[in-house]
file run27.pdb (PDB, C-alpha atoms)
ATOM      1  CA  MET Z   1       0.000   0.000   0.000
ATOM      2  CA  GLY Z   2       2.750   2.413   0.824
ATOM      3  CA  GLU Z   3       2.537   6.027   1.853
ATOM      4  CA  GLY Z   4      -0.846   7.379   2.848
ATOM      5  CA  ARG Z   5      -2.367  10.511   1.390
ATOM      6  CA  PRO Z   6      -5.839  11.975   0.864
ATOM      7  CA  ARG Z   7      -7.923  10.398  -1.900
ATOM      8  CA  PRO Z   8      -9.338  12.873  -4.448
ATOM      9  CA  GLU Z   9     -13.060  12.859  -5.228
ATOM     10  CA  PRO Z  10     -13.386  10.524  -8.273
ATOM     11  CA  ALA Z  11     -16.418  12.366  -9.682
ATOM     12  CA  THR Z  12     -14.723  15.771  -9.822
ATOM     13  CA  THR Z  13     -11.020  15.071 -10.300
ATOM     14  CA  THR Z  14      -9.286  15.317 -13.660
ATOM     15  CA  PRO Z  15      -7.672  12.264 -15.283
ATOM     16  CA  GLN Z  16      -4.232  13.790 -14.612
ATOM     17  CA  GLN Z  17      -5.009  14.294 -10.906
ATOM     18  CA  TRP Z  18      -6.363  10.743 -10.599
ATOM     19  CA  ARG Z  19      -3.284   9.291 -12.358
ATOM     20  CA  SER Z  20      -1.036  11.286 -10.040
ATOM     21  CA  TYR Z  21      -2.896   9.951  -6.977
ATOM     22  CA  LEU Z  22      -2.664   6.342  -8.193
ATOM     23  CA  TYR Z  23       0.909   6.194  -9.454
ATOM     24  CA  LEU Z  24       3.112   9.067  -8.250
ATOM     25  CA  ARG Z  25       4.751   8.990  -4.821
ATOM     26  CA  THR Z  26       7.036  11.447  -3.053
ATOM     27  CA  ASN Z  27       9.511   8.716  -2.012
ATOM     28  CA  THR Z  28      10.705  10.685   1.002
ATOM     29  CA  GLN Z  29      14.181   9.877   2.323
ATOM     30  CA  GLY Z  30      14.363   8.699   5.914
ATOM     31  CA  TRP Z  31      11.499   7.532   8.122
ATOM     32  CA  THR Z  32       8.039   7.465   6.587
ATOM     33  CA  THR Z  33       4.715   6.024   7.816
ATOM     34  CA  GLU Z  34       3.061   3.529   5.477
ATOM     35  CA  SER Z  35      -0.140   1.447   5.495
ATOM     36  CA  TRP Z  36       0.081  -2.227   4.544
ATOM     37  CA  TYR Z  37      -2.255  -5.219   4.180
ATOM     38  CA  HIS Z  38      -1.025  -8.727   5.077
ATOM     39  CA  ALA Z  39      -2.942 -10.640   2.361
ATOM     40  CA  ALA Z  40      -0.899 -13.852   2.567
ATOM     41  CA  GLY Z  41      -1.255 -14.237   6.323
ATOM     42  CA  CYS Z  42      -3.547 -12.672   8.913
ATOM     43  CA  ARG Z  43      -5.422 -10.502   6.365
ATOM     44  CA  ARG Z  44      -5.133  -7.420   8.556
ATOM     45  CA  PHE Z  45      -4.213  -3.840   7.800
ATOM     46  CA  PHE Z  46      -1.360  -2.337   9.775
ATOM     47  CA  ARG Z  47       0.787   0.760   9.790
ATOM     48  CA  LEU Z  48       4.530   0.745   9.948
ATOM     49  CA  GLU Z  49       7.388   3.188   9.850
ATOM     50  CA  ARG Z  50      10.031   2.382   7.253
ATOM     51  CA  ASN Z  51      13.373   4.038   6.676
ATOM     52  CA  THR Z  52      13.610   4.427   2.900
ATOM     53  CA  ASP Z  53      17.410   4.704   3.057
ATOM     54  CA  THR Z  54      18.105   1.532   5.072
ATOM     55  CA  ASP Z  55      14.798  -0.430   4.819
ATOM     56  CA  GLN Z  56      14.706  -0.759   8.620
ATOM     57  CA  ILE Z  57      11.146  -1.007   9.914
ATOM     58  CA  ARG Z  58       9.280  -0.079  13.076
ATOM     59  CA  TRP Z  59       5.633  -1.035  13.188
ATOM     60  CA  ARG Z  60       2.499  -0.752  15.282
ATOM     61  CA  GLU Z  61      -0.497  -3.031  15.110
ATOM     62  CA  THR Z  62      -3.686  -1.112  14.352
ATOM     63  CA  GLY Z  63      -5.991  -0.793  17.338
ATOM     64  CA  THR Z  64      -3.576  -2.072  19.997
ATOM     65  CA  ASP Z  65      -1.040  -0.588  22.336
ATOM     66  CA  GLN Z  66       1.539  -3.100  21.163
ATOM     67  CA  GLN Z  67       4.570  -1.488  19.532
ATOM     68  CA  ARG Z  68       7.778  -2.888  18.111
ATOM     69  CA  THR Z  69      10.924  -0.984  17.341
ATOM     70  CA  ASP Z  70      13.530  -1.593  14.665
ATOM     71  CA  ALA Z  71      15.577  -3.405  17.353
ATOM     72  CA  ASP Z  72      12.804  -6.055  17.504
ATOM     73  CA  THR Z  73      12.922  -6.629  13.742
ATOM     74  CA  PRO Z  74      14.888  -9.689  12.611
TER      75      PRO Z  74
END
call {"tool": "encode", "arguments": {"input": "run27.pdb", "output": "structure tokens"}}
result
Amino acid sequence: MGEGRPRPEPATTTPQQWRSYLYLRTNTQGWTTESWYHAAGCRRFFRLERNTDTDQIRWRETGTDQQRTDADTP
């Protein structure tokens, strides 16, 4: 899923704006928050923080107080 951002209104957006929303990303260097879906396993959505320079991750399960840091990542 990748980086989160506001979805434009499909009925009023131009084709160029819709294409930009679907395919163009900022690809920020450093830590960024992303939304993911674990389709092959638990089938849950979750948010994680990923360092785009090193691919280290820190994640939080949605709806819980449980948190892991990059030190917990194998």
call {"tool": "atom_distance", "arguments": {"input": "run27.pdb", "atom1": "atom CA of Z:Ile57", "atom2": "atom CA of Z:Glu34"}}
result
10.3 Å
call {"tool": "atom_distance", "arguments": {"input": "run27.pdb", "atom1": "atom CA of Z:Glu49", "atom2": "atom CA of Z:Gln16"}}
result
29.1 Å
call {"tool": "axis_aligned_box", "arguments": {"input": "run27.pdb", "around": "stretch 15-31 of chain Z", "padding_each_side": "3 Å", "output": "JSON"}}
result
{"center_x": 3.3, "center_y": 10.2, "center_z": -3.6, "size_x": 28.0, "size_y": 14.1, "size_z": 29.4}
call {"tool": "residues_near_point", "arguments": {"input": "run27.pdb", "point": "(-8.8, 10.9, -0.3)", "cutoff": "12 Å", "atoms": "only C-alpha atoms", "output": "MDAnalysis selection string"}}
result
chainID Z and resid 4:10 13 17:18 21:22
call {"tool": "write_last_selection", "arguments": {"input": "run27.pdb", "atoms": "C-alpha atoms", "output": "PDB file, keeping the file's coordinate frame"}}
result
ATOM      1  CA  GLY Z   4      -0.846   7.379   2.848  1.00  0.00           C
ATOM      2  CA  ARG Z   5      -2.367  10.511   1.390  1.00  0.00           C
ATOM      3  CA  PRO Z   6      -5.839  11.975   0.864  1.00  0.00           C
ATOM      4  CA  ARG Z   7      -7.923  10.398  -1.900  1.00  0.00           C
ATOM      5  CA  PRO Z   8      -9.338  12.873  -4.448  1.00  0.00           C
ATOM      6  CA  GLU Z   9     -13.060  12.859  -5.228  1.00  0.00           C
ATOM      7  CA  PRO Z  10     -13.386  10.524  -8.273  1.00  0.00           C
ATOM      8  CA  THR Z  13     -11.020  15.071 -10.300  1.00  0.00           C
ATOM      9  CA  GLN Z  17      -5.009  14.294 -10.906  1.00  0.00           C
ATOM     10  CA  TRP Z  18      -6.363  10.743 -10.599  1.00  0.00           C
ATOM     11  CA  TYR Z  21      -2.896   9.951  -6.977  1.00  0.00           C
ATOM     12  CA  LEU Z  22      -2.664   6.342  -8.193  1.00  0.00           C
TER      13      LEU Z  22
END
call {"tool": "atom_distance", "arguments": {"input": "run27.pdb", "atom1": "atom CA of Z:Gly30", "atom2": "atom CA of Z:Arg58"}}
result
12.4 Å
call {"tool": "resolve_selection", "arguments": {"input": "run27.pdb", "expression": "the PyMOL selection byres ((chain Z and resi 32) around 12)", "output": "PDB file with C-alpha atoms, in the frame of the given file"}}
result
ATOM      1  CA  GLY Z   2       2.750   2.413   0.824  1.00  0.00           C
ATOM      2  CA  GLU Z   3       2.537   6.027   1.853  1.00  0.00           C
ATOM      3  CA  GLY Z   4      -0.846   7.379   2.848  1.00  0.00           C
ATOM      4  CA  ARG Z  25       4.751   8.990  -4.821  1.00  0.00           C
ATOM      5  CA  THR Z  26       7.036  11.447  -3.053  1.00  0.00           C
ATOM      6  CA  ASN Z  27       9.511   8.716  -2.012  1.00  0.00           C
ATOM      7  CA  THR Z  28      10.705  10.685   1.002  1.00  0.00           C
ATOM      8  CA  GLN Z  29      14.181   9.877   2.323  1.00  0.00           C
ATOM      9  CA  GLY Z  30      14.363   8.699   5.914  1.00  0.00           C
ATOM     10  CA  TRP Z  31      11.499   7.532   8.122  1.00  0.00           C
ATOM     11  CA  THR Z  33       4.715   6.024   7.816  1.00  0.00           C
ATOM     12  CA  GLU Z  34       3.061   3.529   5.477  1.00  0.00           C
ATOM     13  CA  SER Z  35      -0.140   1.447   5.495  1.00  0.00           C
ATOM     14  CA  ARG Z  47       0.787   0.760   9.790  1.00  0.00           C
ATOM     15  CA  LEU Z  48       4.530   0.745   9.948  1.00  0.00           C
ATOM     16  CA  GLU Z  49       7.388   3.188   9.850  1.00  0.00           C
ATOM     17  CA  ARG Z  50      10.031   2.382   7.253  1.00  0.00           C
ATOM     18  CA  ASN Z  51      13.373   4.038   6.676  1.00  0.00           C
ATOM     19  CA  THR Z  52      13.610   4.427   2.900  1.00  0.00           C
ATOM     20  CA  ASP Z  53      17.410   4.704   3.057  1.00  0.00           C
ATOM     21  CA  THR Z  54      18.105   1.532   5.072  1.00  0.00           C
ATOM     22  CA  ASP Z  55      14.798  -0.430   4.819  1.00  0.00           C
ATOM     23  CA  GLN Z  56      14.706  -0.759   8.620  1.00  0.00           C
ATOM     24  CA  ILE Z  57      11.146  -1.007   9.914  1.00  0.00           C
ATOM     25  CA  ARG Z  58       9.280  -0.079  13.076  1.00  0.00           C
ATOM     26  CA  TRP Z  59       5.633  -1.035  13.188  1.00  0.00           C
TER      27      TRP Z  59
END
